[in-house]
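Structure below is query10.cif: mmCIF, C-alpha atoms and all ligand atoms.
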data_query
#
loop_
_atom_site.group_PDB
_atom_site.id
_atom_site.type_symbol
_atom_site.label_atom_id
_atom_site.label_comp_id
_atom_site.auth_asym_id
_atom_site.auth_seq_id
_atom_site.Cartn_x
_atom_site.Cartn_y
_atom_site.Cartn_z
ATOM 1 C CA MET A 22 -17.226 -64.440 -81.745
ATOM 2 C CA SER A 23 -19.945 -65.130 -84.226
ATOM 3 C CA ASP A 24 -20.752 -67.248 -87.219
ATOM 4 C CA LEU A 25 -22.648 -66.570 -90.417
ATOM 5 C CA SER A 26 -25.908 -68.089 -89.145
ATOM 6 C CA ALA A 27 -26.171 -65.241 -86.599
ATOM 7 C CA LEU A 28 -26.617 -62.691 -89.407
ATOM 8 C CA ASP A 29 -29.982 -61.392 -90.624
ATOM 9 C CA ARG A 30 -29.560 -61.804 -94.398
ATOM 10 C CA THR A 31 -32.385 -59.331 -95.047
ATOM 11 C CA LYS A 32 -30.549 -56.497 -93.249
ATOM 12 C CA LEU A 33 -27.026 -56.656 -94.649
ATOM 13 C CA PRO A 34 -25.163 -53.423 -95.322
ATOM 14 C CA GLN A 35 -24.463 -53.016 -99.049
ATOM 15 C CA HIS A 36 -21.250 -51.136 -98.425
ATOM 16 C CA ILE A 37 -18.759 -51.428 -95.563
ATOM 17 C CA ALA A 38 -15.853 -48.998 -95.196
ATOM 18 C CA ILE A 39 -12.911 -49.844 -92.942
ATOM 19 C CA ILE A 40 -10.067 -47.883 -91.363
ATOM 20 C CA MET A 41 -7.441 -50.595 -90.952
ATOM 21 C CA ASP A 42 -5.574 -49.305 -87.892
ATOM 22 C CA GLY A 43 -3.099 -50.793 -85.435
ATOM 23 C CA ASN A 44 -0.564 -52.574 -87.641
ATOM 24 C CA GLY A 45 2.338 -50.753 -85.978
ATOM 25 C CA ARG A 46 1.128 -51.342 -82.423
ATOM 26 C CA TRP A 47 0.395 -55.001 -83.162
ATOM 27 C CA ALA A 48 3.999 -55.456 -84.335
ATOM 28 C CA LYS A 49 5.492 -53.473 -81.407
ATOM 29 C CA GLU A 50 3.566 -55.677 -78.943
ATOM 30 C CA ARG A 51 5.477 -58.587 -80.508
ATOM 31 C CA ASN A 52 8.819 -56.746 -80.398
ATOM 32 C CA GLN A 53 8.825 -56.637 -84.172
ATOM 33 C CA ASP A 54 9.376 -53.900 -86.699
ATOM 34 C CA ARG A 55 6.236 -51.959 -87.729
ATOM 35 C CA LEU A 56 6.507 -53.456 -91.207
ATOM 36 C CA TYR A 57 5.759 -56.904 -89.812
ATOM 37 C CA GLY A 58 2.363 -55.500 -88.798
ATOM 38 C CA HIS A 59 1.704 -54.270 -92.335
ATOM 39 C CA TYR A 60 2.639 -57.692 -93.798
ATOM 40 C CA GLU A 61 0.238 -59.401 -91.413
ATOM 41 C CA GLY A 62 -2.330 -56.726 -92.241
ATOM 42 C CA VAL A 63 -2.418 -58.094 -95.784
ATOM 43 C CA VAL A 64 -3.520 -61.471 -94.399
ATOM 44 C CA SER A 65 -6.470 -59.711 -92.754
ATOM 45 C CA VAL A 66 -7.276 -57.910 -96.023
ATOM 46 C CA ARG A 67 -7.477 -61.265 -97.827
ATOM 47 C CA ASP A 68 -9.643 -62.789 -95.089
ATOM 48 C CA ILE A 69 -12.061 -59.842 -94.975
ATOM 49 C CA VAL A 70 -12.433 -59.644 -98.782
ATOM 50 C CA ASN A 71 -13.262 -63.375 -98.839
ATOM 51 C CA ALA A 72 -15.645 -62.984 -95.901
ATOM 52 C CA CYS A 73 -17.469 -60.145 -97.679
ATOM 53 C CA GLY A 74 -17.945 -62.435 -100.686
ATOM 54 C CA GLU A 75 -19.276 -65.195 -98.486
ATOM 55 C CA ILE A 76 -21.635 -62.910 -96.542
ATOM 56 C CA GLY A 77 -22.881 -61.038 -99.608
ATOM 57 C CA ILE A 78 -21.423 -57.563 -98.990
ATOM 58 C CA GLN A 79 -21.288 -55.828 -102.376
ATOM 59 C CA TYR A 80 -18.881 -52.943 -101.681
ATOM 60 C CA LEU A 81 -15.849 -52.897 -99.395
ATOM 61 C CA THR A 82 -13.716 -49.758 -99.119
ATOM 62 C CA LEU A 83 -10.359 -50.046 -97.352
ATOM 63 C CA TYR A 84 -8.301 -47.051 -96.216
ATOM 64 C CA ALA A 85 -4.924 -48.398 -97.334
ATOM 65 C CA PHE A 86 -2.884 -45.165 -97.503
ATOM 66 C CA SER A 87 -3.959 -41.646 -96.597
ATOM 67 C CA THR A 88 -2.657 -38.333 -97.916
ATOM 68 C CA GLU A 89 -1.198 -37.821 -94.434
ATOM 69 C CA ASN A 90 0.616 -41.177 -94.549
ATOM 70 C CA TRP A 91 3.117 -39.590 -96.998
ATOM 71 C CA ASN A 92 4.555 -37.885 -93.894
ATOM 72 C CA ARG A 93 5.707 -41.203 -92.409
ATOM 73 C CA PRO A 94 9.429 -42.111 -92.486
ATOM 74 C CA LYS A 95 10.523 -42.715 -96.076
ATOM 75 C CA ALA A 96 11.546 -46.309 -95.339
ATOM 76 C CA GLU A 97 8.009 -47.132 -94.151
ATOM 77 C CA VAL A 98 6.370 -45.368 -97.108
ATOM 78 C CA ASP A 99 8.644 -47.223 -99.552
ATOM 79 C CA ALA A 100 7.945 -50.544 -97.845
ATOM 80 C CA LEU A 101 4.175 -49.943 -97.984
ATOM 81 C CA MET A 102 4.351 -49.133 -101.715
ATOM 82 C CA GLU A 103 6.428 -52.266 -102.336
ATOM 83 C CA LEU A 104 3.967 -54.305 -100.287
ATOM 84 C CA LEU A 105 1.115 -52.949 -102.376
ATOM 85 C CA VAL A 106 2.846 -53.884 -105.649
ATOM 86 C CA ASN A 107 3.820 -57.363 -104.417
ATOM 87 C CA THR A 108 0.350 -58.005 -102.996
ATOM 88 C CA LEU A 109 -1.347 -56.984 -106.243
ATOM 89 C CA ARG A 110 0.952 -59.244 -108.275
ATOM 90 C CA LYS A 111 0.376 -62.161 -105.915
ATOM 91 C CA GLU A 112 -3.361 -61.771 -105.365
ATOM 92 C CA VAL A 113 -4.809 -60.552 -108.667
ATOM 93 C CA ASP A 114 -5.490 -64.043 -110.064
ATOM 94 C CA GLU A 115 -7.225 -65.110 -106.866
ATOM 95 C CA LEU A 116 -9.281 -61.883 -106.789
ATOM 96 C CA HIS A 117 -10.287 -62.495 -110.400
ATOM 97 C CA LYS A 118 -11.162 -66.148 -109.734
ATOM 98 C CA ASN A 119 -13.344 -65.010 -106.829
ATOM 99 C CA ASN A 120 -15.201 -62.513 -109.080
ATOM 100 C CA VAL A 121 -13.818 -59.526 -107.103
ATOM 101 C CA ARG A 122 -13.494 -56.223 -108.971
ATOM 102 C CA LEU A 123 -10.807 -53.776 -107.895
ATOM 103 C CA HIS A 124 -11.328 -50.002 -107.851
ATOM 104 C CA VAL A 125 -9.127 -47.199 -106.540
ATOM 105 C CA ILE A 126 -10.042 -43.837 -105.049
ATOM 106 C CA GLY A 127 -7.465 -41.154 -104.297
ATOM 107 C CA ALA A 128 -4.801 -39.039 -105.967
ATOM 108 C CA MET A 129 -3.455 -41.744 -108.287
ATOM 109 C CA ALA A 130 -1.029 -39.339 -109.967
ATOM 110 C CA THR A 131 0.874 -39.000 -106.671
ATOM 111 C CA MET A 132 1.468 -42.766 -106.381
ATOM 112 C CA PRO A 133 4.786 -44.190 -107.643
ATOM 113 C CA PRO A 134 4.538 -45.148 -111.364
ATOM 114 C CA ILE A 135 5.005 -48.860 -110.631
ATOM 115 C CA CYS A 136 2.027 -48.784 -108.214
ATOM 116 C CA GLN A 137 -0.096 -46.974 -110.807
ATOM 117 C CA LYS A 138 0.833 -49.608 -113.397
ATOM 118 C CA GLU A 139 0.039 -52.608 -111.166
ATOM 119 C CA LEU A 140 -3.207 -51.023 -109.960
ATOM 120 C CA GLN A 141 -4.311 -50.274 -113.523
ATOM 121 C CA GLU A 142 -3.500 -53.821 -114.617
ATOM 122 C CA ALA A 143 -5.418 -55.319 -111.701
ATOM 123 C CA MET A 144 -8.386 -53.011 -112.396
ATOM 124 C CA ASP A 145 -8.347 -53.983 -116.094
ATOM 125 C CA ILE A 146 -8.141 -57.721 -115.364
ATOM 126 C CA THR A 147 -11.022 -57.605 -112.868
ATOM 127 C CA ALA A 148 -13.118 -54.996 -114.717
ATOM 128 C CA GLY A 149 -15.894 -57.408 -115.656
ATOM 129 C CA ASN A 150 -16.319 -58.953 -112.212
ATOM 130 C CA THR A 151 -19.652 -58.656 -110.457
ATOM 131 C CA GLY A 152 -18.871 -59.975 -106.961
ATOM 132 C CA VAL A 153 -17.348 -57.877 -104.179
ATOM 133 C CA GLN A 154 -16.404 -54.408 -105.427
ATOM 134 C CA LEU A 155 -13.131 -53.831 -103.566
ATOM 135 C CA ILE A 156 -12.293 -50.137 -103.370
ATOM 136 C CA LEU A 157 -8.799 -49.223 -102.177
ATOM 137 C CA ALA A 158 -8.395 -45.688 -100.858
ATOM 138 C CA LEU A 159 -4.823 -44.773 -101.747
ATOM 139 C CA SER A 160 -3.206 -41.383 -101.355
ATOM 140 C CA TYR A 161 -6.736 -40.454 -100.337
ATOM 141 C CA SER A 162 -8.135 -37.893 -97.963
ATOM 142 C CA SER A 163 -11.647 -36.629 -97.817
ATOM 143 C CA ARG A 164 -10.793 -32.921 -97.704
ATOM 144 C CA TRP A 165 -8.653 -33.397 -100.846
ATOM 145 C CA GLU A 166 -11.570 -35.192 -102.528
ATOM 146 C CA ILE A 167 -14.108 -32.492 -101.603
ATOM 147 C CA ILE A 168 -11.803 -29.678 -102.721
ATOM 148 C CA GLU A 169 -11.107 -31.485 -106.038
ATOM 149 C CA ALA A 170 -14.852 -31.992 -106.555
ATOM 150 C CA THR A 171 -15.465 -28.303 -105.876
ATOM 151 C CA LYS A 172 -12.784 -27.281 -108.383
ATOM 152 C CA LYS A 173 -14.254 -29.583 -111.073
ATOM 153 C CA PHE A 174 -17.784 -28.290 -110.501
ATOM 154 C CA SER A 175 -16.542 -24.683 -110.565
ATOM 155 C CA GLN A 176 -14.771 -25.355 -113.869
ATOM 156 C CA ASP A 177 -18.008 -26.795 -115.292
ATOM 157 C CA VAL A 178 -19.801 -23.596 -114.240
ATOM 158 C CA VAL A 179 -17.123 -21.508 -115.964
ATOM 159 C CA ASP A 180 -17.482 -23.722 -119.069
ATOM 160 C CA GLY A 181 -21.255 -23.231 -119.033
ATOM 161 C CA LYS A 182 -22.078 -26.912 -118.351
ATOM 162 C CA HIS A 183 -23.839 -26.089 -115.060
ATOM 163 C CA LYS A 184 -25.315 -23.121 -113.225
ATOM 164 C CA ILE A 185 -24.376 -22.539 -109.566
ATOM 165 C CA GLU A 186 -28.006 -23.013 -108.574
ATOM 166 C CA ASP A 187 -27.961 -26.538 -110.136
ATOM 167 C CA LEU A 188 -25.745 -27.752 -107.301
ATOM 168 C CA ASN A 189 -27.411 -30.143 -104.885
ATOM 169 C CA ASP A 190 -26.443 -33.329 -103.049
ATOM 170 C CA ALA A 191 -27.107 -35.608 -106.030
ATOM 171 C CA LEU A 192 -25.060 -33.470 -108.432
ATOM 172 C CA PHE A 193 -22.178 -32.895 -106.015
ATOM 173 C CA THR A 194 -21.925 -36.655 -105.465
ATOM 174 C CA THR A 195 -21.141 -37.113 -109.182
ATOM 175 C CA TYR A 196 -17.920 -35.110 -108.694
ATOM 176 C CA LEU A 197 -16.656 -37.291 -105.839
ATOM 177 C CA GLU A 198 -14.192 -40.179 -106.240
ATOM 178 C CA THR A 199 -16.962 -42.472 -105.019
ATOM 179 C CA LYS A 200 -19.474 -41.409 -107.694
ATOM 180 C CA ASN A 201 -20.029 -45.018 -108.800
ATOM 181 C CA PHE A 202 -20.646 -46.432 -105.318
ATOM 182 C CA PRO A 203 -23.443 -46.109 -102.760
ATOM 183 C CA ASP A 204 -22.592 -44.522 -99.400
ATOM 184 C CA PRO A 205 -21.331 -46.966 -96.766
ATOM 185 C CA GLU A 206 -23.988 -47.959 -94.238
ATOM 186 C CA LEU A 207 -21.293 -49.180 -91.837
ATOM 187 C CA MET A 208 -17.825 -47.823 -91.074
ATOM 188 C CA ILE A 209 -15.472 -49.923 -88.955
ATOM 189 C CA ARG A 210 -12.275 -48.676 -87.334
ATOM 190 C CA THR A 211 -9.947 -51.107 -85.620
ATOM 191 C CA SER A 212 -7.438 -50.624 -82.830
ATOM 192 C CA GLY A 213 -9.358 -48.501 -80.335
ATOM 193 C CA GLU A 214 -9.061 -45.093 -81.994
ATOM 194 C CA TYR A 215 -12.280 -43.055 -82.113
ATOM 195 C CA ARG A 216 -11.656 -40.808 -85.110
ATOM 196 C CA ILE A 217 -12.688 -40.560 -88.760
ATOM 197 C CA SER A 218 -9.207 -39.360 -89.860
ATOM 198 C CA ASN A 219 -10.214 -37.546 -93.052
ATOM 199 C CA TYR A 220 -11.987 -40.647 -94.430
ATOM 200 C CA LEU A 221 -15.138 -40.402 -96.585
ATOM 201 C CA LEU A 222 -16.416 -37.393 -94.609
ATOM 202 C CA TYR A 223 -19.198 -36.642 -97.107
ATOM 203 C CA GLN A 224 -20.182 -40.283 -97.652
ATOM 204 C CA LEU A 225 -20.315 -41.222 -93.953
ATOM 205 C CA ALA A 226 -23.040 -38.642 -93.195
ATOM 206 C CA TYR A 227 -25.553 -41.328 -92.148
ATOM 207 C CA SER A 228 -23.259 -44.326 -91.650
ATOM 208 C CA GLU A 229 -23.270 -46.359 -88.485
ATOM 209 C CA LEU A 230 -19.830 -46.201 -86.848
ATOM 210 C CA TYR A 231 -18.301 -49.252 -85.191
ATOM 211 C CA PHE A 232 -15.082 -49.157 -83.212
ATOM 212 C CA THR A 233 -13.207 -52.187 -81.927
ATOM 213 C CA GLU A 234 -10.071 -52.575 -79.802
ATOM 214 C CA VAL A 235 -8.831 -55.380 -82.084
ATOM 215 C CA HIS A 236 -5.720 -54.425 -84.062
ATOM 216 C CA TRP A 237 -6.065 -54.808 -87.841
ATOM 217 C CA PRO A 238 -3.681 -57.818 -88.173
ATOM 218 C CA ASP A 239 -5.956 -59.727 -85.749
ATOM 219 C CA PHE A 240 -9.227 -58.638 -87.417
ATOM 220 C CA ARG A 241 -10.844 -61.630 -89.145
ATOM 221 C CA LYS A 242 -14.208 -62.889 -90.381
ATOM 222 C CA PRO A 243 -15.718 -63.451 -86.891
ATOM 223 C CA HIS A 244 -14.905 -59.820 -85.970
ATOM 224 C CA LEU A 245 -16.551 -58.624 -89.191
ATOM 225 C CA ILE A 246 -19.660 -60.671 -88.433
ATOM 226 C CA GLU A 247 -19.720 -59.218 -84.908
ATOM 227 C CA ALA A 248 -19.606 -55.693 -86.391
ATOM 228 C CA ILE A 249 -22.446 -56.475 -88.812
ATOM 229 C CA ILE A 250 -24.580 -57.981 -86.024
ATOM 230 C CA ASN A 251 -24.002 -54.813 -84.005
ATOM 231 C CA TYR A 252 -25.043 -52.742 -87.058
ATOM 232 C CA GLN A 253 -28.185 -54.845 -87.498
ATOM 233 C CA GLN A 254 -29.245 -54.035 -83.939
ATOM 234 C CA ARG A 255 -29.173 -50.284 -84.567
ATOM 235 C CA GLU A 256 -32.168 -48.220 -85.602
ATOM 236 C CA ARG A 257 -31.251 -46.101 -88.627
ATOM 237 C CA ARG A 258 -33.433 -42.981 -88.392
ATOM 238 C CA PHE A 259 -32.016 -40.539 -90.966
ATOM 239 C CA GLY A 260 -33.335 -37.622 -88.888
ATOM 240 C CA LYS A 261 -36.816 -39.105 -88.386
ATOM 241 C CA THR A 262 -38.321 -40.222 -85.059
ATOM 242 C CA SER A 263 -38.234 -43.792 -83.820
ATOM 243 C CA ASP A 264 -42.077 -43.985 -84.117
ATOM 244 C CA GLN A 265 -41.920 -42.931 -87.769
ATOM 245 C CA ILE A 266 -39.342 -45.622 -88.547
ATOM 246 C CA GLN A 267 -41.347 -48.338 -86.778
ATOM 247 C CA THR A 268 -44.600 -47.451 -88.534
ATOM 248 C CA ASN A 269 -42.854 -46.994 -91.893
ATOM 249 C CA GLN A 270 -43.850 -43.326 -92.356
HETATM 250 C C1 LIG B 1 -2.526 -48.369 -90.150
HETATM 251 O O1 LIG B 1 -1.760 -48.949 -89.151
HETATM 252 C C2 LIG B 1 -2.300 -49.010 -91.437
HETATM 253 C C3 LIG B 1 -1.794 -48.394 -92.544
HETATM 254 C C4 LIG B 1 -1.414 -46.975 -92.578
HETATM 255 C C5 LIG B 1 -1.577 -49.119 -93.788
HETATM 256 C C6 LIG B 1 -2.584 -50.170 -94.106
HETATM 257 C C7 LIG B 1 -1.930 -51.171 -94.942
HETATM 258 C C8 LIG B 1 -2.166 -52.500 -94.918
HETATM 259 C C9 LIG B 1 -3.189 -53.134 -94.098
HETATM 260 C C10 LIG B 1 -1.347 -53.392 -95.730
HETATM 261 C C11 LIG B 1 -1.343 -53.103 -97.196
HETATM 262 C C12 LIG B 1 -2.689 -53.088 -97.798
HETATM 263 C C13 LIG B 1 -2.947 -53.484 -99.040
HETATM 264 C C14 LIG B 1 -4.306 -53.262 -99.575
HETATM 265 C C15 LIG B 1 -1.952 -54.157 -99.881
HETATM 266 P P1 LIG B 1 -0.683 -48.038 -88.423
HETATM 267 O O2 LIG B 1 0.618 -48.240 -89.077
HETATM 268 O O3 LIG B 1 -1.171 -46.630 -88.373
HETATM 269 O O4 LIG B 1 -0.704 -48.658 -86.980
HETATM 270 P P2 LIG B 1 -0.388 -47.901 -85.593
HETATM 271 O O5 LIG B 1 -1.495 -46.873 -85.419
HETATM 272 O O6 LIG B 1 -0.480 -48.989 -84.604
HETATM 273 O O7 LIG B 1 0.951 -47.286 -85.717
#
For this file, produce the structure as structure tokens.
Amino acid sequence: MSDLSALDRTKLPQHIAIIMDGNGRWAKERNQDRLYGHYEGVVSVRDIVNACGEIGIQYLTLYAFSTENWNRPKAEVDALMELLVNTLRKEVDELHKNNVRLHVIGAMATMPPICQKELQEAMDITAGNTGVQLILALSYSSRWEIIEATKKFSQDVVDGKHKIEDLNDALFTTYLETKNFPDPELMIRTSGEYRISNYLLYQLAYSELYFTEVHWPDFRKPHLIEAIINYQQRERRFGKTSDQIQTNQ
């Protein structure tokens, strides 16, 4: 366990992305329904958003509901949507007070209308906030995002706005859901699973990956600090050699 003083403030990641995994297992270990794990998962969300504000992390992306999660039992999907609505209603004032701005990435049109309404309201209320930029990935999957981006670019070619040969990394990025955010330097997955699960595949190209056995409902500020300390000990080479990095070439 670690405290804030252990962090190197000059080497903080700007953007942390998290796969919040293990809610179901956490609940089962306590002989509870899976939903109990999701409710407790919200407590972790609140703690980690606050911790990011305290530490000075500017962007936090949370994988709250994937495209594939629609295949879960209907009762669980409905309960997750209700939890989202209730959480937004309960937390929006606190988020606003803490200068947090809410953003959403994903196929919004596939979310229930009440979720879309609450999300839009929360985004409008917090639109001017300059603290933590909290990005919820909802009905999101990376392959969907990349295919959508490709369709939009192709349409722009058909409409004469771009030529095929214009396409490069910088231009393609402007078609992604994350066009307004820098790539995450650190991606954390909880609960001992070593997969990316269709999450930010394009954006994680050079991210440091951190996996922990801790289930999401137990993941709190000290665990986040531990992950950042681990990140700060890594050498980020972006394809260069270690010598080049150390001599700033
Ligand atoms: C993964 O655990 C978690 C989810 C699919 C949902 C994440 C939702 C929350 C943390 C709560 C709601 C969030 C917001 C922002 C209101 P799992 O169910 O896959 O766990 P398991 O792998 O142990 O079954």
>> Neighbouring residues of ligand LIG 1 (chain B) are defined here as those with any atom at most 6 Å from a ligand atom, counting all atoms listed in the file; list them as number ranges by chain.
In response: A: 41-46, 59, 62-63, 85-86, 104-105, 108
>> List as a VMD selection string the protein and nucleic acid residues near Ser175 (chain A), meaning an atom at most 12 Å away when all atoms listed in the file are counted, but skip any in the same chain fewer than 4 places from it.
In response: chain A and resid 168 to 171 179 to 188 193 196
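Residue nearest Cys73 (chain A), chosen from A:Leu109, A:Ile266, A:Val153, A:Ala191 and counting only C-alpha atoms: A:Val153.
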>> Starting from the PyMOL selection byres (((chain A and resi 75) around 12) and not hetatm), expand the selection into actual residues of this file and give them as a count of residues only.
In response: 24
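The gap separating CA of Leu56 (chain A) from CA of Thr131 (chain A) is 21.9 Å, in Å to one decimal.
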>> Here's the selection I'm unsure about, the PyMOL selection byres (((chain A and resi 228-234) around 9) and not hetatm); applied to the file above, which residues does it give, as a VMD selection string?
In response: chain A and resid 204 to 215 224 to 227 235 to 236 244 248 251 to 252 255 257
Restricting the output to C-alpha atoms, write the selected residues as a CSV table (one decimal), in the coordinates of the input.
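Writing the result to selection.csv gives the following:
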chain,number,residue,atom,x,y,z
A,204,ASP,CA,-22.6,-44.5,-99.4
A,205,PRO,CA,-21.3,-47.0,-96.8
A,206,GLU,CA,-24.0,-48.0,-94.2
A,207,LEU,CA,-21.3,-49.2,-91.8
A,208,MET,CA,-17.8,-47.8,-91.1
A,209,ILE,CA,-15.5,-49.9,-89.0
A,210,ARG,CA,-12.3,-48.7,-87.3
A,211,THR,CA,-9.9,-51.1,-85.6
A,212,SER,CA,-7.4,-50.6,-82.8
A,213,GLY,CA,-9.4,-48.5,-80.3
A,214,GLU,CA,-9.1,-45.1,-82.0
A,215,TYR,CA,-12.3,-43.1,-82.1
A,224,GLN,CA,-20.2,-40.3,-97.7
A,225,LEU,CA,-20.3,-41.2,-94.0
A,226,ALA,CA,-23.0,-38.6,-93.2
A,227,TYR,CA,-25.6,-41.3,-92.1
A,235,VAL,CA,-8.8,-55.4,-82.1
A,236,HIS,CA,-5.7,-54.4,-84.1
A,244,HIS,CA,-14.9,-59.8,-86.0
A,248,ALA,CA,-19.6,-55.7,-86.4
A,251,ASN,CA,-24.0,-54.8,-84.0
A,252,TYR,CA,-25.0,-52.7,-87.1
A,255,ARG,CA,-29.2,-50.3,-84.6
A,257,ARG,CA,-31.3,-46.1,-88.6
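Across the model, the gap from CA of Gln141 (chain A) to CA of Gln154 (chain A) is 15.1 Å.
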> Exactly which residues make up the result of the PyMOL selection byres (((chain A and resi 149) around 12) and not hetatm) on this file, given as JSON, numbers by chain?
Replying inline: {"A": [116, 117, 118, 119, 120, 121, 122, 123, 124, 143, 144, 145, 146, 147, 148, 150, 151, 152, 153, 154]}
> Nearest to Trp237 (chain A): which of A:Glu61, A:Asp29, A:Glu139, A:Glu50 is it, counting only C-alpha atoms?
Replying inline: A:Glu61
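Between CA of Leu33 (chain A) and CA of Glu115 (chain A) lies a distance of 24.8 Å.
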>> Let me make sure I understand: among A:Met129, A:Val113, A:Val66, A:Val106, which one has the smallest atom-to-atom distance to Ser87 (chain A) if we use all atoms listed in the file?
In response: A:Met129
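Of the residues listed (A:Gln176, A:Asn219, A:Thr82, A:Thr262), A:Thr82 shows the shortest atom-to-atom separation from Gln35 (chain A); distances use all atoms listed in the file.
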>> Please return as a VMD selection string every residue within 6 Å of (-12.0, -47.2, -94.0), taking into account all atoms listed in the file and the file's own coordinates.
In response: chain A and resid 38 to 40 82 to 84
> Of the residues A:Ala48, A:Ala27, A:Ile167, A:Val64, which is the one nearest to Arg241 (chain A), using all atoms listed in the file?
Replying inline: A:Val64
> Which one is closest to Lys32 (chain A): A:Asn189, A:Gln254, A:Gln270, A:Gln265? Count all atoms listed in the file.
Replying inline: A:Gln254
Using all atoms of region 60-76 of chain A listed in the file and a margin of 4 Å per side, can you give the axis-aligned box centre and edge lengths in Å to one decimal, as JSON?
{"center_x": -9.5, "center_y": -61.0, "center_z": -96.0, "size_x": 32.3, "size_y": 16.5, "size_z": 17.3}
